[in-house]
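Participant: my_file-v2.cif is the file, holding mmCIF, N, CA and C atoms:
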```
data_model
loop_
_atom_site.label_atom_id
_atom_site.label_comp_id
_atom_site.auth_asym_id
_atom_site.auth_seq_id
_atom_site.Cartn_x
_atom_site.Cartn_y
_atom_site.Cartn_z
N MET A 213 -3.80 56.43 0.40
CA MET A 213 -4.38 57.14 1.50
C MET A 213 -4.11 56.35 2.79
N ASN A 214 -3.43 57.01 3.72
CA ASN A 214 -3.13 56.39 5.00
C ASN A 214 -4.13 56.86 6.04
N LEU A 215 -4.79 55.90 6.65
CA LEU A 215 -5.73 56.23 7.71
C LEU A 215 -5.00 56.27 9.04
N ARG A 216 -5.26 57.34 9.80
CA ARG A 216 -4.68 57.46 11.13
C ARG A 216 -5.57 56.75 12.13
N LEU A 217 -5.06 56.57 13.33
CA LEU A 217 -5.76 55.81 14.35
C LEU A 217 -7.13 56.41 14.67
N PHE A 218 -7.21 57.73 14.82
CA PHE A 218 -8.50 58.34 15.17
C PHE A 218 -9.52 58.12 14.06
N GLN A 219 -9.07 58.08 12.80
CA GLN A 219 -9.99 57.84 11.70
C GLN A 219 -10.56 56.43 11.77
N ILE A 220 -9.72 55.48 12.05
CA ILE A 220 -10.17 54.08 12.16
C ILE A 220 -11.14 53.93 13.32
N VAL A 221 -10.83 54.57 14.46
CA VAL A 221 -11.71 54.48 15.63
C VAL A 221 -13.07 55.09 15.34
N VAL A 222 -13.10 56.26 14.70
CA VAL A 222 -14.38 56.91 14.37
C VAL A 222 -15.18 56.05 13.40
N ILE A 223 -14.53 55.48 12.43
CA ILE A 223 -15.23 54.61 11.47
C ILE A 223 -15.83 53.40 12.17
N LEU A 224 -15.06 52.76 13.07
CA LEU A 224 -15.57 51.59 13.78
C LEU A 224 -16.74 51.96 14.70
N ILE A 225 -16.64 53.12 15.36
CA ILE A 225 -17.75 53.56 16.22
C ILE A 225 -18.99 53.84 15.38
N ALA A 226 -18.83 54.49 14.23
CA ALA A 226 -19.97 54.78 13.37
C ALA A 226 -20.62 53.49 12.86
N ILE A 227 -19.82 52.51 12.52
CA ILE A 227 -20.36 51.22 12.07
C ILE A 227 -21.11 50.53 13.21
N ALA A 228 -20.55 50.59 14.42
CA ALA A 228 -21.21 49.98 15.58
C ALA A 228 -22.56 50.66 15.84
N PHE A 229 -22.59 52.00 15.78
CA PHE A 229 -23.85 52.71 15.97
C PHE A 229 -24.86 52.35 14.88
N ALA A 230 -24.39 52.21 13.65
CA ALA A 230 -25.30 51.85 12.56
C ALA A 230 -25.92 50.47 12.82
N PHE A 231 -25.11 49.52 13.28
CA PHE A 231 -25.65 48.20 13.59
C PHE A 231 -26.68 48.26 14.72
N VAL A 232 -26.40 49.07 15.74
CA VAL A 232 -27.34 49.22 16.85
C VAL A 232 -28.65 49.82 16.37
N TRP A 233 -28.58 50.84 15.51
CA TRP A 233 -29.81 51.46 14.99
C TRP A 233 -30.62 50.48 14.15
N VAL A 234 -29.93 49.70 13.32
CA VAL A 234 -30.64 48.72 12.49
C VAL A 234 -31.28 47.66 13.39
N ARG A 235 -30.56 47.20 14.40
CA ARG A 235 -31.11 46.20 15.32
C ARG A 235 -32.32 46.76 16.06
N ASN A 236 -32.22 48.01 16.52
CA ASN A 236 -33.36 48.63 17.22
C ASN A 236 -34.55 48.82 16.29
N PHE A 237 -34.29 49.09 15.03
CA PHE A 237 -35.39 49.20 14.07
C PHE A 237 -36.04 47.85 13.83
N ARG A 238 -35.24 46.82 13.72
CA ARG A 238 -35.79 45.48 13.48
C ARG A 238 -36.62 44.98 14.66
N THR A 239 -36.25 45.39 15.87
CA THR A 239 -37.02 44.98 17.05
C THR A 239 -38.11 45.99 17.38
N ALA A 240 -38.36 46.94 16.48
CA ALA A 240 -39.42 47.93 16.57
C ALA A 240 -39.25 48.87 17.78
N LYS A 241 -38.01 49.13 18.17
CA LYS A 241 -37.77 50.09 19.25
C LYS A 241 -37.68 51.52 18.71
N ILE A 242 -37.37 51.66 17.43
CA ILE A 242 -37.32 52.98 16.80
C ILE A 242 -38.08 52.94 15.49
N LYS A 243 -38.44 54.12 15.00
CA LYS A 243 -39.18 54.22 13.75
C LYS A 243 -38.22 54.39 12.58
N MET A 244 -38.77 54.33 11.38
CA MET A 244 -37.97 54.44 10.15
C MET A 244 -37.24 55.79 10.10
N PHE A 245 -37.92 56.87 10.47
CA PHE A 245 -37.29 58.19 10.44
C PHE A 245 -36.06 58.23 11.35
N GLU A 246 -36.18 57.66 12.54
CA GLU A 246 -35.04 57.63 13.47
C GLU A 246 -33.90 56.80 12.92
N LEU A 247 -34.24 55.70 12.26
CA LEU A 247 -33.22 54.87 11.63
C LEU A 247 -32.49 55.65 10.55
N LEU A 248 -33.24 56.34 9.70
CA LEU A 248 -32.62 57.10 8.60
C LEU A 248 -31.74 58.23 9.12
N VAL A 249 -32.20 58.92 10.16
CA VAL A 249 -31.39 59.99 10.75
C VAL A 249 -30.11 59.41 11.34
N GLY A 250 -30.24 58.31 12.06
CA GLY A 250 -29.07 57.66 12.65
C GLY A 250 -28.07 57.20 11.60
N LEU A 251 -28.57 56.58 10.53
CA LEU A 251 -27.69 56.13 9.46
C LEU A 251 -27.05 57.31 8.73
N PHE A 252 -27.80 58.40 8.58
CA PHE A 252 -27.23 59.60 7.97
C PHE A 252 -26.05 60.12 8.78
N PHE A 253 -26.22 60.18 10.12
CA PHE A 253 -25.12 60.65 10.96
C PHE A 253 -23.94 59.68 10.93
N ALA A 254 -24.21 58.39 10.91
CA ALA A 254 -23.13 57.41 10.85
C ALA A 254 -22.33 57.56 9.55
N ILE A 255 -23.04 57.74 8.44
CA ILE A 255 -22.37 57.93 7.15
C ILE A 255 -21.62 59.26 7.14
N ALA A 256 -22.23 60.31 7.70
CA ALA A 256 -21.57 61.62 7.73
C ALA A 256 -20.28 61.57 8.55
N PHE A 257 -20.34 60.92 9.73
CA PHE A 257 -19.13 60.82 10.55
C PHE A 257 -18.07 59.96 9.88
N THR A 258 -18.49 58.91 9.20
CA THR A 258 -17.54 58.06 8.48
C THR A 258 -16.86 58.85 7.37
N LEU A 259 -17.63 59.57 6.58
CA LEU A 259 -17.04 60.38 5.51
C LEU A 259 -16.14 61.48 6.06
N LEU A 260 -16.55 62.09 7.16
CA LEU A 260 -15.73 63.14 7.78
C LEU A 260 -14.43 62.55 8.32
N ALA A 261 -14.47 61.32 8.80
CA ALA A 261 -13.25 60.68 9.29
C ALA A 261 -12.33 60.29 8.14
N ILE A 262 -12.90 59.85 7.03
CA ILE A 262 -12.07 59.43 5.90
C ILE A 262 -11.48 60.63 5.15
N PHE A 263 -12.31 61.65 4.94
CA PHE A 263 -11.87 62.84 4.19
C PHE A 263 -12.00 64.10 5.04
N PRO A 264 -11.25 64.22 6.14
CA PRO A 264 -11.47 65.36 7.03
C PRO A 264 -11.12 66.71 6.40
N ASP A 265 -10.02 66.79 5.69
CA ASP A 265 -9.60 68.07 5.13
C ASP A 265 -10.48 68.51 3.96
N ALA A 266 -10.80 67.58 3.08
CA ALA A 266 -11.61 67.93 1.91
C ALA A 266 -13.00 68.42 2.33
N ILE A 267 -13.63 67.72 3.26
CA ILE A 267 -14.98 68.10 3.68
C ILE A 267 -14.95 69.41 4.45
N SER A 268 -14.01 69.55 5.38
CA SER A 268 -13.98 70.77 6.19
C SER A 268 -13.59 71.99 5.35
N ASN A 269 -12.70 71.82 4.39
CA ASN A 269 -12.35 72.95 3.51
C ASN A 269 -13.53 73.38 2.65
N ASN A 270 -14.25 72.41 2.10
CA ASN A 270 -15.45 72.73 1.30
C ASN A 270 -16.53 73.39 2.15
N LEU A 271 -16.70 72.91 3.38
CA LEU A 271 -17.67 73.50 4.29
C LEU A 271 -17.28 74.94 4.63
N ALA A 272 -16.00 75.16 4.87
CA ALA A 272 -15.52 76.52 5.18
C ALA A 272 -15.74 77.45 3.99
N ARG A 273 -15.45 76.98 2.81
CA ARG A 273 -15.65 77.79 1.60
C ARG A 273 -17.13 78.08 1.39
N LEU A 274 -17.98 77.08 1.62
CA LEU A 274 -19.42 77.25 1.46
C LEU A 274 -19.99 78.27 2.44
N LEU A 275 -19.51 78.24 3.68
CA LEU A 275 -20.01 79.14 4.71
C LEU A 275 -19.29 80.50 4.72
N GLY A 276 -18.23 80.62 3.94
CA GLY A 276 -17.49 81.87 3.90
C GLY A 276 -16.60 82.07 5.12
N ILE A 277 -16.17 80.99 5.72
CA ILE A 277 -15.32 81.04 6.91
C ILE A 277 -13.88 80.79 6.48
N LYS A 278 -12.96 81.48 7.13
CA LYS A 278 -11.57 81.45 6.70
C LYS A 278 -10.90 80.09 6.92
N SER A 279 -11.08 79.52 8.08
CA SER A 279 -10.35 78.30 8.41
C SER A 279 -11.30 77.10 8.47
N ASN A 280 -10.78 75.95 8.09
CA ASN A 280 -11.64 74.76 8.04
C ASN A 280 -12.05 74.27 9.44
N ILE A 281 -11.20 74.41 10.43
CA ILE A 281 -11.58 73.95 11.77
C ILE A 281 -12.68 74.83 12.34
N ASN A 282 -12.67 76.12 12.02
CA ASN A 282 -13.75 76.99 12.46
C ASN A 282 -15.07 76.58 11.82
N ALA A 283 -15.03 76.15 10.59
CA ALA A 283 -16.24 75.69 9.92
C ALA A 283 -16.79 74.44 10.59
N VAL A 284 -15.91 73.53 10.97
CA VAL A 284 -16.35 72.31 11.65
C VAL A 284 -16.95 72.66 13.01
N MET A 285 -16.31 73.55 13.73
CA MET A 285 -16.83 73.98 15.04
C MET A 285 -18.19 74.67 14.88
N PHE A 286 -18.31 75.53 13.88
CA PHE A 286 -19.57 76.22 13.62
C PHE A 286 -20.67 75.21 13.28
N GLY A 287 -20.35 74.26 12.43
CA GLY A 287 -21.31 73.22 12.09
C GLY A 287 -21.72 72.41 13.31
N GLY A 288 -20.77 72.11 14.18
CA GLY A 288 -21.08 71.37 15.40
C GLY A 288 -21.98 72.15 16.34
N ILE A 289 -21.75 73.45 16.44
CA ILE A 289 -22.59 74.29 17.29
C ILE A 289 -24.01 74.35 16.73
N ILE A 290 -24.13 74.52 15.42
CA ILE A 290 -25.46 74.56 14.79
C ILE A 290 -26.18 73.22 14.99
N LEU A 291 -25.47 72.13 14.80
CA LEU A 291 -26.07 70.80 15.00
C LEU A 291 -26.50 70.63 16.45
N SER A 292 -25.68 71.05 17.38
CA SER A 292 -26.01 70.95 18.80
C SER A 292 -27.26 71.77 19.14
N LEU A 293 -27.35 72.97 18.60
CA LEU A 293 -28.53 73.80 18.85
C LEU A 293 -29.78 73.15 18.27
N TRP A 294 -29.68 72.59 17.08
CA TRP A 294 -30.83 71.93 16.47
C TRP A 294 -31.26 70.72 17.29
N LEU A 295 -30.28 69.92 17.75
CA LEU A 295 -30.62 68.75 18.55
C LEU A 295 -31.24 69.14 19.88
N ASN A 296 -30.75 70.22 20.49
CA ASN A 296 -31.35 70.71 21.74
C ASN A 296 -32.79 71.16 21.50
N PHE A 297 -33.03 71.85 20.41
CA PHE A 297 -34.39 72.28 20.09
C PHE A 297 -35.29 71.07 19.87
N ARG A 298 -34.79 70.09 19.16
CA ARG A 298 -35.57 68.88 18.89
C ARG A 298 -35.91 68.16 20.20
N LEU A 299 -34.93 68.06 21.09
CA LEU A 299 -35.16 67.43 22.39
C LEU A 299 -36.19 68.20 23.19
N TRP A 300 -36.12 69.53 23.17
CA TRP A 300 -37.10 70.36 23.87
C TRP A 300 -38.50 70.10 23.32
N MET A 301 -38.64 69.99 22.01
CA MET A 301 -39.94 69.72 21.41
C MET A 301 -40.47 68.34 21.83
N LEU A 302 -39.59 67.35 21.87
CA LEU A 302 -40.03 66.01 22.29
C LEU A 302 -40.47 66.01 23.75
N ILE A 303 -39.74 66.71 24.60
CA ILE A 303 -40.11 66.78 26.02
C ILE A 303 -41.44 67.50 26.18
N ARG A 304 -41.64 68.57 25.44
CA ARG A 304 -42.89 69.32 25.49
C ARG A 304 -44.07 68.45 25.06
N HIS A 305 -43.88 67.69 24.00
CA HIS A 305 -44.92 66.77 23.53
C HIS A 305 -45.22 65.71 24.58
N GLN A 306 -44.18 65.18 25.19
CA GLN A 306 -44.36 64.15 26.23
C GLN A 306 -45.10 64.73 27.44
N ASP A 307 -44.78 65.96 27.82
CA ASP A 307 -45.48 66.60 28.93
C ASP A 307 -46.96 66.75 28.64
N ARG A 308 -47.30 67.12 27.41
CA ARG A 308 -48.71 67.24 27.04
C ARG A 308 -49.43 65.90 27.11
N ARG A 309 -48.76 64.86 26.66
CA ARG A 309 -49.37 63.53 26.72
C ARG A 309 -49.59 63.09 28.16
N ILE A 310 -48.63 63.36 29.03
CA ILE A 310 -48.77 63.00 30.44
C ILE A 310 -49.90 63.79 31.08
N THR A 311 -50.00 65.07 30.77
CA THR A 311 -51.08 65.90 31.30
C THR A 311 -52.44 65.38 30.86
N ASN A 312 -52.57 65.04 29.59
CA ASN A 312 -53.84 64.49 29.08
C ASN A 312 -54.18 63.16 29.76
N LEU A 313 -53.18 62.31 29.93
CA LEU A 313 -53.40 61.02 30.58
C LEU A 313 -53.83 61.22 32.03
N ASN A 314 -53.19 62.13 32.73
CA ASN A 314 -53.57 62.40 34.12
C ASN A 314 -55.00 62.93 34.20
N SER A 315 -55.38 63.77 33.28
CA SER A 315 -56.75 64.29 33.26
C SER A 315 -57.75 63.17 33.05
N LYS A 316 -57.48 62.28 32.11
CA LYS A 316 -58.38 61.17 31.84
C LYS A 316 -58.49 60.24 33.05
N ILE A 317 -57.37 59.99 33.73
CA ILE A 317 -57.39 59.13 34.92
C ILE A 317 -58.20 59.78 36.03
N ALA A 318 -58.01 61.09 36.21
CA ALA A 318 -58.75 61.80 37.25
C ALA A 318 -60.25 61.79 36.97
N ILE A 319 -60.63 62.00 35.71
CA ILE A 319 -62.07 61.97 35.34
C ILE A 319 -62.64 60.58 35.57
N LYS A 320 -61.89 59.56 35.20
CA LYS A 320 -62.36 58.19 35.37
C LYS A 320 -62.52 57.85 36.86
N GLN A 321 -61.57 58.28 37.70
CA GLN A 321 -61.69 58.02 39.13
C GLN A 321 -62.86 58.79 39.72
N LEU A 322 -63.09 60.00 39.28
CA LEU A 322 -64.22 60.80 39.76
C LEU A 322 -65.55 60.14 39.38
N GLU A 323 -65.63 59.62 38.17
CA GLU A 323 -66.85 58.93 37.73
C GLU A 323 -67.08 57.66 38.53
N GLU A 324 -65.99 56.93 38.84
CA GLU A 324 -66.13 55.70 39.64
C GLU A 324 -66.55 56.02 41.07
N ASP A 325 -66.02 57.12 41.62
CA ASP A 325 -66.39 57.50 42.99
C ASP A 325 -67.84 57.94 43.07
N ASN A 326 -68.36 58.57 42.03
CA ASN A 326 -69.75 59.04 42.01
C ASN A 326 -70.73 57.91 41.75
N SER A 327 -70.25 56.80 41.20
CA SER A 327 -71.16 55.70 40.88
C SER A 327 -71.53 54.86 42.06
#
```
Just give me the structure of the file as structure tokens.
Facilitator:
Amino acid sequence: MNLRLFQIVVILIAIAFAFVWVRNFRTAKIKMFELLVGLFFAIAFTLLAIFPDAISNNLARLLGIKSNINAVMFGGIILSLWLNFRLWMLIRHQDRRITNLNSKIAIKQLEEDNS
């Protein structure tokens, strides 16, 4: 099996990201779930780089799509939509936390002013 340049580059980038995720987990910057998701993506990209045709052909057959590149593009679009939804949920949660914090600060300042 001959690895092409893009395959080697993708593998090295995935390994670098995996090291960064492990380091961030060790320094408690991310949680275990985030580490596992990150490592899953690093492994998935590494496998896709090593076996691009086998994985994309199986994915195309599984999804009922004629061409393997269309299956990869479809998978990328679905992944992008899921990540956008996840980001929207995180932002919404953060907005709620900020609103609650502002309310608590306002109540505390009102109580101090009345005292």
Participant: Measuring atom to atom with all atoms listed in the file, identify which of A:Arg304, A:Arg216, A:Lys278, A:Arg298 is nearest to Ala261 of chain A.
Facilitator: A:Arg216
Participant: Quick one: residues within 8 Å of segment 221-227 of chain A, only N, CA and C atoms counted, chain neighbours fewer than 2 positions away excluded, as a ChimeraX atom specification?
Facilitator: /A:216-219,229-233,253-255,257-259,261-262
Participant: Using atom CA of Leu293 of chain A and atom N of Asn236 of chain A as the two end points, give the distance in Å to one decimal.
Facilitator: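 Distance reported for this atom pair: 26.2 Å.
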Participant: Please compute the atom CA of Leu247 of chain A-atom CA of Leu260 of chain A distance, one decimal, in Å.
Facilitator: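 That distance, rounded to one decimal, is 19.7 Å.
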Participant: What separation in Å, quoted to one decimal, exists between atom N of Glu323 of chain A and atom CA of Arg308 of chain A?
Facilitator: 21.6 Å
